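K.L.:
I have a structure here, written as structure tokens, and I will follow up with some questions on it.
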Amino acid sequence: MTAAVVPFLESMREAAAQARLPGSGLAWLDAARDEAMRAFTEDGLPDQRNELWKYTSLRALARHGFAARDDEAATRGVDIDRLLLPGVDGPCAVFVNGAFRADLSSFEELPQGVRVRSLADALRDDAEPLRFLLAGRAGDDDDGFMLLNRALAADGLLVDVAGGVRAGVPLHVVHAGVAARAATAWHLRSLIELGEGARLDIVEHHVDDAGTGHLANLVCDVNVHERARLDWTIVQRAGEDATLLRRCQVRLHDEAALDLHELELGGKLARHELRVDLAGERSRFDQRGAFALHGRRHVDMEVLVTHRGRDSVSDAIWRGVAGGRARGVVHGRILVQSGADGADGSFYNKNLLLSPDAEIDTRPALEIYADEVKANHGATVGQIDEGMLFYLRSRGVPLDLARHMLVRAFCAVALDGIQPAALREHCEALLAEQLPELAE
Amino acid sequence: MLKIENLHARIGGKEILKGLSLQVKAGEVHAIMGPNGAGKSTLGNVLAGRPGYEVTEGTVTFDGANLLGMEPEARAAAGVFLAFQYPVEIPGVNNTYFLRAALNAQRKARGEAELDSVEFLKLVRAKVKDMGMTPELLNRAVNEGFSGGEKKRNEVFQMALLEPRLAILDETDSGLDIDALKQVAAGVNALRSPDRGFLVITHYQRLLDYIVPDFVHVLADGTIVESGDARLARELEAHGYAWVRERRPAEADA
Ligand SMILES: Nc1ncnc2c1ncn2[C@@H]1O[C@H](COP(=O)(O)OP(=O)(O)O)[C@@H](O)[C@H]1O
Ligand SMILES: [Mg+2]
């Protein structure tokens, strides 16, 4: 990094200096945070020489400074009904501007054996069990945001489902951004643990008021033990000037399964780096995702799958739609390690460009070091099929509606499996809402 | 109803229609025959408004209005229907949803009341039965996984549902076995009426045994080279298209 003062880096160093984070004073935690901040100061933000940031430039972000916290985050009035998705009324964990809000959250309907807490609460009660999570050895592939998260995470969500327990009702996790005195940055560290044979459904919603300009840096570790299963739906509607950076590290043990649905619609810059470690035999990862972008939005989906267990399966399908001057990035990498014999991995991504200034970069990649492996990938970028469009119009369907029908049809494979039906219909409606702007 | 005068049209920089004139009055069935590559599908596409075709000369009016100046959906609402030679598959678009959207868009454009889903389902079920189609096709995506015959039958079914004023059938008979052919013909004949016109494009005379036309035209190299009544189709069948080509210079001399 050059010696010039970069507003972003400056604001992060100031945030660290203020050091009023939960758990501060604990020697091991202070040391881990200091060490991470030192490393961040040395490395800076990831640049485009980093393979995982190849098509996402942070130059614009680096020019912005962010407030270290929103002091009123714990008390701001919010319209909770607007934050909740239909079809998932029940237990919910709500974060507003990066702070867990006990007053807006409720866990009563969760059965015995499902424990949900905020990271801040857990650090105050008994920080020791979190030592491995928060002060574990830094990884080789920790980028600048991971380091910042290690240094500055002030809250997060801890979910623990005991072995054999089925949660029965979905857990709704809401990350809301509302207007504050200044554009604010927050860093959350979460952990989701499913014991042997446990089952949990999570519906995660990212939603912002317009014009907040916040930065959310979220890191989540997920551990799915033997024969456990996590069904996870993510609906991302970050604000048009919000930056949302997510890194999610999933480990699947023997016969464990993760079924992920993802609809990405918002953000000025929204990135999701998903690392799935199929460590166990016959472990399974399914993903169906779609993004639809307009204006100058930029979405970057990094799906990094590692097969380590024998007969492990991964099956990912992404659909991307971009209009205006939007930019989409899809990177699907399947790595089959030696010993993962019989693994079956696939990653398919199709994209539609609706305007001449939109751009989508897609790179599927395979690396295989095992025997008797099935691995498939494919990616396309194209335009709306003129033959289909004319067919619909020739029957009287107006041009706009015909385009809508074809875009919706294109994304259908990503949304069809969303449960319950009310949530799926809502997702379809959210997508439909985007369509007029997409066409511009 | 339809009046085509001296129509010249190009695609990909190549002139395909070279001064075609034709008039269809309400109640008439016109058959258009001709060898492969003559420009039959081009004519159907130009009339329906397919993008990519450039009309360089001539006029087309439909009920007195300039058809060539209208968007494809406006032509449909005005009553023009093209049964495609090769109907496209549209994965992910449900047939019933599509048909209701199409019918209601047309009705709206004409200032008629839209049908609610109950009214629409009643109508669509009746038409499915008339066409001898499996109702299950309605729940599938548009043409997706349909056999060749099912696709053609689906075109005629859509025509029956949308009740156009001018129906253009582009080789709806090709690839059909005799039973399917009879069914398609029965579907067309059921719609024949004094205020509806038909342009039946075909390569073979066979279909015209079942849909007896009022007029037969031979289209070759972008123009109509011969017109007559139903007997012309039988002569063509006996002599082949080469016969028309040979006759043409002789007529020019006369
Ligand atoms: N998109 C296109 N670009 C260039 N030439 C075309 C295109 N479509 C059709 N043609 C040509 O136009 C001519 C007429 O085609 P068509 O109207 O389909 O004939 P027909 O239906 O009578 O068999 C053919 O020579 C064909 O190759
Ligand atoms: Mg043809």
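We label chains A, B, ... in the order they appear in the structure tokens, count residues from 1 in each chain, and number ligands from 1 in the order shown.
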Any idea what's packed within 12 Å of segment 70-77 of chain B, counting only C-alpha atoms, ignoring anything in its chain fewer than 4 positions away? Could you give it as a VMD selection string?
P.N.:
(chain A and resid 389 to 402) or (chain B and resid 45 to 51 60 to 63 65 to 66 81 to 83 101 to 112 159 162 to 168)
K.L.:
Set the distance at 8 Å and use only C-alpha atoms: which residues neighbour Ser355 of chain A once local chain neighbours fewer than 2 positions away are removed? I'd like the list as a list in words.
P.N.:
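Once the adjacent positions are removed, what remains is Ala322, Gly323, Gly324, Arg325, Leu353, Asp357, Ala358, Ala439 and Glu440 of chain A.
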K.L.:
Show which residues sit within 12 Å of Leu138 of chain B, as a PyMOL selection string. Count only C-alpha atoms, and ignore same-chain residues fewer than 6 positions away.
P.N.:
chain B and resi 93-100+121+124-125+127-129+144+146+150+154+157-158
K.L.:
List as a Markdown table every residue of chain B that is in contact with ligand 1, defined as an atom at most 7 Å from one of its atoms (using only C-alpha atoms and all ligand atoms), together with the nearest atom pair and the distance in Å rounded to one decimal, sorted by chain and then rising number.
P.N.:
| residue | atom | partner | partner_atom_place_in_ligand_line | distance |
| --- | --- | --- | --- | --- |
| B:Ile11 | CA | ligand 1 | 3 (N) | 5.1 |
| B:Gly12 | CA | ligand 1 | 3 (N) | 4.6 |
| B:Lys14 | CA | ligand 1 | 5 (N) | 6.5 |
| B:Ile16 | CA | ligand 1 | 12 (O) | 5.5 |
| B:Gly34 | CA | ligand 1 | 22 (O) | 6.4 |
| B:Pro35 | CA | ligand 1 | 22 (O) | 6.1 |
| B:Asn36 | CA | ligand 1 | 23 (O) | 3.7 |
| B:Gly37 | CA | ligand 1 | 19 (O) | 3.5 |
| B:Ala38 | CA | ligand 1 | 22 (O) | 3.9 |
| B:Gly39 | CA | ligand 1 | 17 (O) | 3.2 |
| B:Lys40 | CA | ligand 1 | 22 (O) | 3.7 |
| B:Ser41 | CA | ligand 1 | 21 (O) | 3.7 |
| B:Thr42 | CA | ligand 1 | 17 (O) | 3.7 |
| B:Leu43 | CA | ligand 1 | 17 (O) | 6.5 |
K.L.:
For N, CA, C and O atoms, I'd like the residues from the last selection saved as a CSV table (one decimal), in the first residue's frame.
P.N.:
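Final output, part02.csv:
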chain,number,residue,atom,x,y,z
B,11,ILE,N,-34.0,-10.1,-46.0
B,11,ILE,CA,-33.5,-10.6,-44.7
B,11,ILE,C,-32.0,-10.8,-44.8
B,11,ILE,O,-31.6,-11.4,-45.8
B,12,GLY,N,-31.2,-10.4,-43.9
B,12,GLY,CA,-29.8,-10.6,-43.9
B,12,GLY,C,-29.2,-10.0,-45.2
B,12,GLY,O,-28.3,-10.6,-45.8
B,14,LYS,N,-30.5,-10.0,-48.1
B,14,LYS,CA,-30.8,-10.7,-49.3
B,14,LYS,C,-32.3,-10.5,-49.6
B,14,LYS,O,-33.1,-10.6,-48.7
B,16,ILE,N,-35.8,-11.5,-50.6
B,16,ILE,CA,-36.5,-12.8,-50.6
B,16,ILE,C,-37.9,-12.6,-51.3
B,16,ILE,O,-38.2,-13.3,-52.2
B,34,GLY,N,-45.6,-23.7,-53.0
B,34,GLY,CA,-44.4,-23.3,-53.6
B,34,GLY,C,-43.2,-24.2,-53.1
B,34,GLY,O,-43.3,-24.8,-52.0
B,35,PRO,N,-42.1,-24.2,-53.9
B,35,PRO,CA,-41.0,-25.0,-53.5
B,35,PRO,C,-40.3,-24.5,-52.3
B,35,PRO,O,-40.5,-23.3,-51.9
B,36,ASN,N,-39.5,-25.3,-51.7
B,36,ASN,CA,-38.7,-24.8,-50.5
B,36,ASN,C,-37.8,-23.6,-50.9
B,36,ASN,O,-37.3,-23.6,-52.0
B,37,GLY,N,-37.8,-22.7,-50.0
B,37,GLY,CA,-36.9,-21.5,-50.2
B,37,GLY,C,-37.6,-20.4,-51.1
B,37,GLY,O,-37.0,-19.4,-51.4
B,38,ALA,N,-38.9,-20.6,-51.5
B,38,ALA,CA,-39.5,-19.7,-52.3
B,38,ALA,C,-39.8,-18.4,-51.6
B,38,ALA,O,-40.0,-17.3,-52.3
B,39,GLY,N,-39.9,-18.4,-50.3
B,39,GLY,CA,-40.3,-17.2,-49.6
B,39,GLY,C,-41.6,-17.3,-48.8
B,39,GLY,O,-42.1,-16.3,-48.4
B,40,LYS,N,-42.1,-18.5,-48.7
B,40,LYS,CA,-43.5,-18.7,-48.1
B,40,LYS,C,-43.4,-18.3,-46.6
B,40,LYS,O,-44.3,-17.5,-46.2
B,41,SER,N,-42.4,-18.8,-45.9
B,41,SER,CA,-42.3,-18.4,-44.4
B,41,SER,C,-42.0,-17.0,-44.3
B,41,SER,O,-42.5,-16.3,-43.3
B,42,THR,N,-41.2,-16.4,-45.2
B,42,THR,CA,-40.9,-15.0,-45.1
B,42,THR,C,-42.1,-14.2,-45.2
B,42,THR,O,-42.3,-13.2,-44.4
B,43,LEU,N,-43.0,-14.6,-46.1
B,43,LEU,CA,-44.3,-13.8,-46.2
B,43,LEU,C,-45.1,-13.9,-44.9
B,43,LEU,O,-45.5,-12.8,-44.4
K.L.:
Using only C-alpha atoms and all ligand atoms, which of B:Leu123, B:Met33, B:Pro194, B:Thr56 sits nearest ligand 2?
P.N.:
B:Met33
K.L.:
Taking only C-alpha atoms into account, name the residue in B:Thr59, B:Gln183, B:Thr172, B:Gln23 that is nearest to His203 of chain B.
P.N.:
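Checking each candidate against His203 of chain B, we get B:Thr172 as the closest.
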K.L.:
So which bits of segment 99-266 of chain A end up alpha helix (DSSP H) when you DSSP the backbone, as a PDB file with all heavy atoms, in the first residue's frame?
P.N.:
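File produced: part-v8.pdb:
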ATOM      1  N   LEU A 119     -23.559 -12.834  19.891  1.00  0.00           N
ATOM      2  CA  LEU A 119     -22.139 -12.969  20.234  1.00  0.00           C
ATOM      3  C   LEU A 119     -21.783 -12.036  21.393  1.00  0.00           C
ATOM      4  O   LEU A 119     -21.036 -12.412  22.307  1.00  0.00           O
ATOM      5  CB  LEU A 119     -21.278 -12.635  19.016  1.00  0.00           C
ATOM      6  CG  LEU A 119     -19.767 -12.706  19.250  1.00  0.00           C
ATOM      7  CD1 LEU A 119     -19.305 -14.158  19.297  1.00  0.00           C
ATOM      8  CD2 LEU A 119     -19.000 -11.944  18.169  1.00  0.00           C
ATOM      9  N   ALA A 120     -22.351 -10.821  21.371  1.00  0.00           N
ATOM     10  CA  ALA A 120     -22.036  -9.855  22.427  1.00  0.00           C
ATOM     11  C   ALA A 120     -22.464 -10.402  23.791  1.00  0.00           C
ATOM     12  O   ALA A 120     -21.706 -10.328  24.768  1.00  0.00           O
ATOM     13  CB  ALA A 120     -22.711  -8.522  22.135  1.00  0.00           C
ATOM     14  N   ASP A 121     -23.659 -10.977  23.861  1.00  0.00           N
ATOM     15  CA  ASP A 121     -24.132 -11.574  25.121  1.00  0.00           C
ATOM     16  C   ASP A 121     -23.227 -12.712  25.554  1.00  0.00           C
ATOM     17  O   ASP A 121     -22.869 -12.830  26.726  1.00  0.00           O
ATOM     18  CB  ASP A 121     -25.562 -12.112  24.959  1.00  0.00           C
ATOM     19  CG  ASP A 121     -26.583 -10.974  24.942  1.00  0.00           C
ATOM     20  OD1 ASP A 121     -26.211  -9.839  25.337  1.00  0.00           O
ATOM     21  OD2 ASP A 121     -27.723 -11.230  24.521  1.00  0.00           O
ATOM     22  N   ALA A 122     -22.892 -13.553  24.597  1.00  0.00           N
ATOM     23  CA  ALA A 122     -22.072 -14.719  24.927  1.00  0.00           C
ATOM     24  C   ALA A 122     -20.702 -14.290  25.452  1.00  0.00           C
ATOM     25  O   ALA A 122     -20.173 -14.886  26.401  1.00  0.00           O
ATOM     26  CB  ALA A 122     -21.916 -15.617  23.706  1.00  0.00           C
ATOM     27  N   LEU A 123     -20.158 -13.239  24.876  1.00  0.00           N
ATOM     28  CA  LEU A 123     -18.845 -12.757  25.341  1.00  0.00           C
ATOM     29  C   LEU A 123     -18.930 -12.207  26.758  1.00  0.00           C
ATOM     30  O   LEU A 123     -18.006 -12.360  27.552  1.00  0.00           O
ATOM     31  CB  LEU A 123     -18.312 -11.668  24.400  1.00  0.00           C
ATOM     32  CG  LEU A 123     -17.678 -12.153  23.093  1.00  0.00           C
ATOM     33  CD1 LEU A 123     -17.342 -10.971  22.201  1.00  0.00           C
ATOM     34  CD2 LEU A 123     -16.428 -12.988  23.369  1.00  0.00           C
ATOM     35  N   ARG A 124     -20.050 -11.586  27.070  1.00  0.00           N
ATOM     36  CA  ARG A 124     -20.216 -11.049  28.425  1.00  0.00           C
ATOM     37  C   ARG A 124     -20.401 -12.173  29.439  1.00  0.00           C
ATOM     38  O   ARG A 124     -19.840 -12.131  30.521  1.00  0.00           O
ATOM     39  CB  ARG A 124     -21.408 -10.096  28.475  1.00  0.00           C
ATOM     40  CG  ARG A 124     -21.030  -8.660  28.101  1.00  0.00           C
ATOM     41  CD  ARG A 124     -22.177  -7.698  28.357  1.00  0.00           C
ATOM     42  NE  ARG A 124     -23.236  -7.871  27.366  1.00  0.00           N
ATOM     43  CZ  ARG A 124     -23.269  -7.187  26.211  1.00  0.00           C
ATOM     44  NH1 ARG A 124     -22.331  -6.309  25.919  1.00  0.00           N
ATOM     45  NH2 ARG A 124     -24.248  -7.391  25.358  1.00  0.00           N
ATOM     46  N   ASP A 125     -21.157 -13.217  29.055  1.00  0.00           N
ATOM     47  CA  ASP A 125     -21.439 -14.318  29.994  1.00  0.00           C
ATOM     48  C   ASP A 125     -20.202 -15.153  30.253  1.00  0.00           C
ATOM     49  O   ASP A 125     -19.773 -15.334  31.380  1.00  0.00           O
ATOM     50  CB  ASP A 125     -22.528 -15.242  29.431  1.00  0.00           C
ATOM     51  CG  ASP A 125     -23.858 -14.531  29.375  1.00  0.00           C
ATOM     52  OD1 ASP A 125     -23.949 -13.421  29.927  1.00  0.00           O
ATOM     53  OD2 ASP A 125     -24.790 -15.085  28.751  1.00  0.00           O
ATOM     54  N   ARG A 131     -13.205 -19.077  22.386  1.00  0.00           N
ATOM     55  CA  ARG A 131     -11.797 -18.808  22.145  1.00  0.00           C
ATOM     56  C   ARG A 131     -11.342 -19.385  20.806  1.00  0.00           C
ATOM     57  O   ARG A 131     -10.630 -18.732  20.034  1.00  0.00           O
ATOM     58  CB  ARG A 131     -10.980 -19.417  23.290  1.00  0.00           C
ATOM     59  CG  ARG A 131      -9.545 -18.997  23.273  1.00  0.00           C
ATOM     60  CD  ARG A 131      -8.917 -19.305  24.607  1.00  0.00           C
ATOM     61  NE  ARG A 131      -7.512 -18.944  24.592  1.00  0.00           N
ATOM     62  CZ  ARG A 131      -6.783 -18.764  25.667  1.00  0.00           C
ATOM     63  NH1 ARG A 131      -7.328 -18.907  26.871  1.00  0.00           N
ATOM     64  NH2 ARG A 131      -5.516 -18.462  25.565  1.00  0.00           N
ATOM     65  N   PHE A 132     -11.804 -20.593  20.507  1.00  0.00           N
ATOM     66  CA  PHE A 132     -11.385 -21.232  19.265  1.00  0.00           C
ATOM     67  C   PHE A 132     -11.901 -20.464  18.056  1.00  0.00           C
ATOM     68  O   PHE A 132     -11.189 -20.253  17.081  1.00  0.00           O
ATOM     69  CB  PHE A 132     -11.876 -22.687  19.227  1.00  0.00           C
ATOM     70  CG  PHE A 132     -11.422 -23.419  18.005  1.00  0.00           C
ATOM     71  CD1 PHE A 132     -10.105 -23.848  17.887  1.00  0.00           C
ATOM     72  CD2 PHE A 132     -12.294 -23.656  16.948  1.00  0.00           C
ATOM     73  CE1 PHE A 132      -9.669 -24.502  16.741  1.00  0.00           C
ATOM     74  CE2 PHE A 132     -11.867 -24.307  15.801  1.00  0.00           C
ATOM     75  CZ  PHE A 132     -10.557 -24.733  15.707  1.00  0.00           C
ATOM     76  N   LEU A 133     -13.143 -20.011  18.158  1.00  0.00           N
ATOM     77  CA  LEU A 133     -13.749 -19.289  17.034  1.00  0.00           C
ATOM     78  C   LEU A 133     -13.049 -17.951  16.799  1.00  0.00           C
ATOM     79  O   LEU A 133     -12.740 -17.588  15.660  1.00  0.00           O
ATOM     80  CB  LEU A 133     -15.238 -19.046  17.311  1.00  0.00           C
ATOM     81  CG  LEU A 133     -15.996 -18.258  16.225  1.00  0.00           C
ATOM     82  CD1 LEU A 133     -16.194 -19.113  14.984  1.00  0.00           C
ATOM     83  CD2 LEU A 133     -17.340 -17.763  16.741  1.00  0.00           C
ATOM     84  N   LEU A 134     -12.813 -17.216  17.891  1.00  0.00           N
ATOM     85  CA  LEU A 134     -12.375 -15.823  17.743  1.00  0.00           C
ATOM     86  C   LEU A 134     -10.861 -15.644  17.765  1.00  0.00           C
ATOM     87  O   LEU A 134     -10.355 -14.623  17.313  1.00  0.00           O
ATOM     88  CB  LEU A 134     -13.003 -14.961  18.847  1.00  0.00           C
ATOM     89  CG  LEU A 134     -14.539 -14.952  18.844  1.00  0.00           C
ATOM     90  CD1 LEU A 134     -15.065 -14.123  19.998  1.00  0.00           C
ATOM     91  CD2 LEU A 134     -15.084 -14.441  17.521  1.00  0.00           C
ATOM     92  N   ALA A 135     -10.178 -16.622  18.314  1.00  0.00           N
ATOM     93  CA  ALA A 135      -8.722 -16.467  18.411  1.00  0.00           C
ATOM     94  C   ALA A 135      -8.007 -17.646  17.769  1.00  0.00           C
ATOM     95  O   ALA A 135      -6.817 -17.854  17.993  1.00  0.00           O
ATOM     96  CB  ALA A 135      -8.307 -16.309  19.875  1.00  0.00           C
ATOM     97  N   GLY A 144      -8.418  -9.099   3.525  1.00  0.00           N
ATOM     98  CA  GLY A 144      -8.510  -7.905   4.358  1.00  0.00           C
ATOM     99  C   GLY A 144      -9.796  -7.833   5.173  1.00  0.00           C
ATOM    100  O   GLY A 144      -9.782  -7.413   6.333  1.00  0.00           O
ATOM    101  N   PHE A 145     -10.905  -8.267   4.577  1.00  0.00           N
ATOM    102  CA  PHE A 145     -12.173  -8.163   5.299  1.00  0.00           C
ATOM    103  C   PHE A 145     -12.274  -9.208   6.403  1.00  0.00           C
ATOM    104  O   PHE A 145     -12.863  -8.960   7.445  1.00  0.00           O
ATOM    105  CB  PHE A 145     -13.347  -8.259   4.327  1.00  0.00           C
ATOM    106  CG  PHE A 145     -13.456  -7.046   3.476  1.00  0.00           C
ATOM    107  CD1 PHE A 145     -13.050  -7.063   2.155  1.00  0.00           C
ATOM    108  CD2 PHE A 145     -13.933  -5.855   4.007  1.00  0.00           C
ATOM    109  CE1 PHE A 145     -13.123  -5.934   1.371  1.00  0.00           C
ATOM    110  CE2 PHE A 145     -14.008  -4.709   3.231  1.00  0.00           C
ATOM    111  CZ  PHE A 145     -13.596  -4.745   1.912  1.00  0.00           C
ATOM    112  N   MET A 146     -11.692 -10.373   6.149  1.00  0.00           N
ATOM    113  CA  MET A 146     -11.659 -11.390   7.207  1.00  0.00           C
ATOM    114  C   MET A 146     -10.827 -10.867   8.380  1.00  0.00           C
ATOM    115  O   MET A 146     -11.206 -11.013   9.553  1.00  0.00           O
ATOM    116  CB  MET A 146     -11.054 -12.677   6.627  1.00  0.00           C
ATOM    117  CG  MET A 146     -11.050 -13.850   7.586  1.00  0.00           C
ATOM    118  SD  MET A 146     -12.709 -14.501   7.850  1.00  0.00           S
ATOM    119  CE  MET A 146     -12.561 -15.027   9.559  1.00  0.00           C
ATOM    120  N   LEU A 147      -9.705 -10.233   8.081  1.00  0.00           N
ATOM    121  CA  LEU A 147      -8.848  -9.682   9.138  1.00  0.00           C
ATOM    122  C   LEU A 147      -9.574  -8.576   9.904  1.00  0.00           C
ATOM    123  O   LEU A 147      -9.532  -8.527  11.139  1.00  0.00           O
ATOM    124  CB  LEU A 147      -7.549  -9.141   8.534  1.00  0.00           C
ATOM    125  CG  LEU A 147      -6.628 -10.203   7.920  1.00  0.00           C
ATOM    126  CD1 LEU A 147      -5.483  -9.529   7.164  1.00  0.00           C
ATOM    127  CD2 LEU A 147      -6.087 -11.146   8.995  1.00  0.00           C
ATOM    128  N   LEU A 148     -10.265  -7.713   9.165  1.00  0.00           N
ATOM    129  CA  LEU A 148     -11.034  -6.647   9.822  1.00  0.00           C
ATOM    130  C   LEU A 148     -12.095  -7.239  10.730  1.00  0.00           C
ATOM    131  O   LEU A 148     -12.360  -6.731  11.814  1.00  0.00           O
ATOM    132  CB  LEU A 148     -11.718  -5.768   8.772  1.00  0.00           C
ATOM    133  CG  LEU A 148     -10.899  -4.643   8.163  1.00  0.00           C
ATOM    134  CD1 LEU A 148     -11.744  -3.908   7.131  1.00  0.00           C
ATOM    135  CD2 LEU A 148     -10.428  -3.684   9.253  1.00  0.00           C
ATOM    136  N   ASN A 149     -12.688  -8.313  10.245  1.00  0.00           N
ATOM    137  CA  ASN A 149     -13.722  -8.955  11.047  1.00  0.00           C
ATOM    138  C   ASN A 149     -13.121  -9.518  12.339  1.00  0.00           C
ATOM    139  O   ASN A 149     -13.683  -9.355  13.425  1.00  0.00           O
ATOM    140  CB  ASN A 149     -14.402 -10.051  10.218  1.00  0.00           C
ATOM    141  CG  ASN A 149     -15.676 -10.537  10.874  1.00  0.00           C
ATOM    142  OD1 ASN A 149     -15.627 -11.281  11.842  1.00  0.00           O
ATOM    143  ND2 ASN A 149     -16.821 -10.087  10.366  1.00  0.00           N
ATOM    144  N   ARG A 150     -11.965 -10.145  12.224  1.00  0.00           N
ATOM    145  CA  ARG A 150     -11.293 -10.667  13.423  1.00  0.00           C
ATOM    146  C   ARG A 150     -10.965  -9.533  14.394  1.00  0.00           C
ATOM    147  O   ARG A 150     -11.029  -9.700  15.605  1.00  0.00           O
ATOM    148  CB  ARG A 150      -9.981 -11.351  13.037  1.00  0.00           C
ATOM    149  CG  ARG A 150     -10.139 -12.706  12.367  1.00  0.00           C
ATOM    150  CD  ARG A 150      -8.747 -13.281  12.085  1.00  0.00           C
ATOM    151  NE  ARG A 150      -8.828 -14.528  11.345  1.00  0.00           N
ATOM    152  CZ  ARG A 150      -9.087 -15.711  11.918  1.00  0.00           C
ATOM    153  NH1 ARG A 150      -9.269 -15.796  13.221  1.00  0.00           N
ATOM    154  NH2 ARG A 150      -9.155 -16.799  11.177  1.00  0.00           N
ATOM    155  N   ALA A 151     -10.616  -8.385  13.831  1.00  0.00           N
ATOM    156  CA  ALA A 151     -10.189  -7.263  14.675  1.00  0.00           C
ATOM    157  C   ALA A 151     -11.363  -6.518  15.297  1.00  0.00           C
ATOM    158  O   ALA A 151     -11.262  -6.008  16.408  1.00  0.00           O
ATOM    159  CB  ALA A 151      -9.350  -6.294  13.847  1.00  0.00           C
ATOM    160  N   LEU A 152     -12.490  -6.467  14.587  1.00  0.00           N
ATOM    161  CA  LEU A 152     -13.522  -5.504  14.969  1.00  0.00           C
ATOM    162  C   LEU A 152     -14.917  -6.084  15.214  1.00  0.00           C
ATOM    163  O   LEU A 152     -15.831  -5.321  15.553  1.00  0.00           O
ATOM    164  CB  LEU A 152     -13.630  -4.420  13.874  1.00  0.00           C
ATOM    165  CG  LEU A 152     -12.385  -3.555  13.664  1.00  0.00           C
ATOM    166  CD1 LEU A 152     -12.531  -2.687  12.424  1.00  0.00           C
ATOM    167  CD2 LEU A 152     -12.126  -2.679  14.890  1.00  0.00           C
TER     168      LEU A 152
END
K.L.:
Just the strand (DSSP E or B) stuff from segment 14-165 of chain B, please, per backbone DSSP, written as a PyMOL selection string.
P.N.:
chain B and resi 14-24+29-33+53-62+65-66+80-83+90-94+141-142
K.L.:
Hey, what's within 9 Å of segment 43-58 of chain A if we count only C-alpha atoms and toss same-chain stuff fewer than 5 positions away? As a list in words, please?
P.N.:
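That gives Met1, Leu9, Arg38, Arg63, Asp143, Gly144, Phe145, Leu269, Arg271, Glu273, His298, Val299, Asp300, Glu302, Gly328, Val329, His331 and Asp361 of chain A.
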K.L.:
Atom CA of Gly289 of chain A to atom CA of Arg319 of chain A: how many Å, to one decimal?
P.N.:
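Distance reported for this atom pair: 6.3 Å.
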K.L.:
Rank nothing, just name the residue among B:Thr134, B:Ser174, B:Ser147, B:Gln85 nearest to chain A, using only C-alpha atoms.
P.N.:
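With only C-alpha atoms as the atom set, the closest residue is B:Gln85.
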K.L.:
Have a look at B:Leu7, B:Val142, B:Leu137, B:Leu2 and name the one nearest to chain A; count only C-alpha atoms.
P.N.:
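Going through B:Leu7, B:Val142, B:Leu137, B:Leu2 one by one, the smallest distance to chain A is for B:Val142.
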K.L.:
Identify which of the residues B:Asp179, B:Asp195, B:Asp170, B:Asp229 lies closest to ligand 2, counting only C-alpha atoms and all ligand atoms when measuring atom-to-atom distances.
P.N.:
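Ranking B:Asp179, B:Asp195, B:Asp170, B:Asp229 by distance to ligand 2, first place goes to B:Asp170.
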K.L.:
Would you mind listing what lies within 9 Å of Asp221 of chain A as a list in words, with only C-alpha atoms counted and same-chain residues fewer than 2 positions away left out?
P.N.:
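These residues fall inside the cut-off: Leu133, Arg189, Ser190, Leu191, Ile192, Glu193, Val219, Asn223, Arg247, Cys248, Gln249, Val250 and Arg251 of chain A.
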K.L.:
Could you write out the selected residues, including C-alpha atoms, as a JSON list (two decimals), in the first residue's frame?
P.N.:
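Listing of out_26.json after writing:
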[["chain", "number", "residue", "atom", "x", "y", "z"],
["A", 133, "LEU", "CA", -13.75, -19.29, 17.03],
["A", 189, "ARG", "CA", -19.09, -12.97, 13.43],
["A", 190, "SER", "CA", -21.60, -15.78, 13.58],
["A", 191, "LEU", "CA", -21.50, -19.50, 14.24],
["A", 192, "ILE", "CA", -24.11, -22.10, 13.38],
["A", 193, "GLU", "CA", -23.65, -25.59, 14.79],
["A", 219, "VAL", "CA", -18.45, -13.76, 8.57],
["A", 223, "ASN", "CA", -20.67, -26.76, 11.15],
["A", 247, "ARG", "CA", -17.95, -14.79, 3.89],
["A", 248, "CYS", "CA", -19.44, -18.07, 4.88],
["A", 249, "GLN", "CA", -17.43, -21.16, 5.75],
["A", 250, "VAL", "CA", -19.39, -24.38, 5.86],
["A", 251, "ARG", "CA", -18.17, -27.76, 6.95]]
K.L.:
For Gly187 of chain B, please output as a ChimeraX atom specification all residues within 8 Å (counting only C-alpha atoms; exclusion window: fewer than 4 positions along the same chain).
P.N.:
/B:130-131,156-157,160,183,191
